[in-house]
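Reading through the structure tokens given below for one structure.
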Amino acid sequence: CPFPKKNLDYILNKHFKKENFVLDPFMGTANLGSEVIFRGGFFIGYEIEETFYKLAEENLTKML
């Protein structure tokens, strides 16, 4: 299930610094990855479900 953006913002505002690396072993559609890249960080994500992987790939490609 997607993580609400307000929760992502809260966590990243408290703990994230530009150029940090973030690992998400259950990436889903890569909402976290998109936000990390937007904030100037590096993202590594894993997803075994092909449907979600393709959506994540589309979302992350838009960020580059």
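As shown in the structure tokens, the chain order sets the letters A, B, ...; within each chain, residues go from 1, and ligands are also counted from 1 in the order they appear.
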Near segment 15-20 of chain A, counting only C-alpha atoms, which residues have an atom at most 7 Å away, once you skip same-chain residues fewer than 6 positions from it, shown as a count of residues only? 4
Within 9 Å of segment 59-62 of chain A, counting only C-alpha atoms, which residues show up once you throw out same-chain ones fewer than 5 positions away? Write them as a ChimeraX atom specification, please. /A:29-31,33-34,37,54
Going by DSSP on the backbone, which residues of chain A come out as alpha helix (DSSP H)? List them as a PyMOL selection string. chain A and resi 5-15+31-38+50-63
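Look at Phe3 of chain A: the protein and nucleic acid residues within 9 Å of it, using only C-alpha atoms and passing over chain neighbours fewer than 3 places away, are A:Lys6, A:Asn7, A:Leu8, A:Asn31, A:Leu32.
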Would you save the residues of that selection, restricted to C-alpha atoms, as a short mmCIF file (atom, residue, chain, number, x, y, z; two decimals), in the first residue's frame?
data_model
loop_
_atom_site.label_atom_id
_atom_site.label_comp_id
_atom_site.auth_asym_id
_atom_site.auth_seq_id
_atom_site.Cartn_x
_atom_site.Cartn_y
_atom_site.Cartn_z
CA LYS A 6 2.66 13.71 4.50
CA ASN A 7 4.34 10.77 6.27
CA LEU A 8 7.16 10.69 3.71
CA ASN A 31 7.01 7.34 -4.32
CA LEU A 32 9.85 7.45 -1.80
#
Counting only C-alpha atoms, the option among A:Met63, A:Phe26, A:Ile11, A:Glu58 closest to Tyr46 of chain A: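 For Tyr46 of chain A, the nearest of the given residues is A:Phe26.
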Between A:Leu12, A:Ala56, A:Leu23, A:Ile48, single out the one closest to Glu35 of chain A, counting only C-alpha atoms.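 Once distances to Glu35 of chain A are computed over only C-alpha atoms, the minimum belongs to A:Leu12.
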Go through chain A and collect every residue that DSSP, computed from the backbone, puts in strand (DSSP E); the answer should be as a PyMOL selection string. chain A and resi 21-24+42-45
Could you save the residues just selected, with N, CA and C atoms, as a PDB file, in the first residue's frame?
ATOM      1  N   PHE A  21      21.994   8.442   0.646  1.00  0.00           N
ATOM      2  CA  PHE A  21      21.512   7.265  -0.064  1.00  0.00           C
ATOM      3  C   PHE A  21      20.329   6.704   0.712  1.00  0.00           C
ATOM      4  N   VAL A  22      19.281   6.304   0.001  1.00  0.00           N
ATOM      5  CA  VAL A  22      18.103   5.707   0.627  1.00  0.00           C
ATOM      6  C   VAL A  22      17.828   4.376  -0.063  1.00  0.00           C
ATOM      7  N   LEU A  23      17.670   3.324   0.734  1.00  0.00           N
ATOM      8  CA  LEU A  23      17.352   1.989   0.238  1.00  0.00           C
ATOM      9  C   LEU A  23      15.913   1.659   0.608  1.00  0.00           C
ATOM     10  N   ASP A  24      15.124   1.256  -0.381  1.00  0.00           N
ATOM     11  CA  ASP A  24      13.738   0.842  -0.143  1.00  0.00           C
ATOM     12  C   ASP A  24      13.579  -0.577  -0.686  1.00  0.00           C
ATOM     13  N   PHE A  42      20.182   9.991  -3.480  1.00  0.00           N
ATOM     14  CA  PHE A  42      20.370   8.813  -4.321  1.00  0.00           C
ATOM     15  C   PHE A  42      19.452   7.711  -3.813  1.00  0.00           C
ATOM     16  N   PHE A  43      18.842   6.984  -4.734  1.00  0.00           N
ATOM     17  CA  PHE A  43      17.827   6.004  -4.363  1.00  0.00           C
ATOM     18  C   PHE A  43      18.152   4.644  -4.940  1.00  0.00           C
ATOM     19  N   ILE A  44      18.003   3.613  -4.108  1.00  0.00           N
ATOM     20  CA  ILE A  44      18.103   2.221  -4.534  1.00  0.00           C
ATOM     21  C   ILE A  44      16.821   1.540  -4.074  1.00  0.00           C
ATOM     22  N   GLY A  45      16.109   0.917  -4.993  1.00  0.00           N
ATOM     23  CA  GLY A  45      14.859   0.259  -4.629  1.00  0.00           C
ATOM     24  C   GLY A  45      14.747  -1.112  -5.275  1.00  0.00           C
TER      25      GLY A  45
END
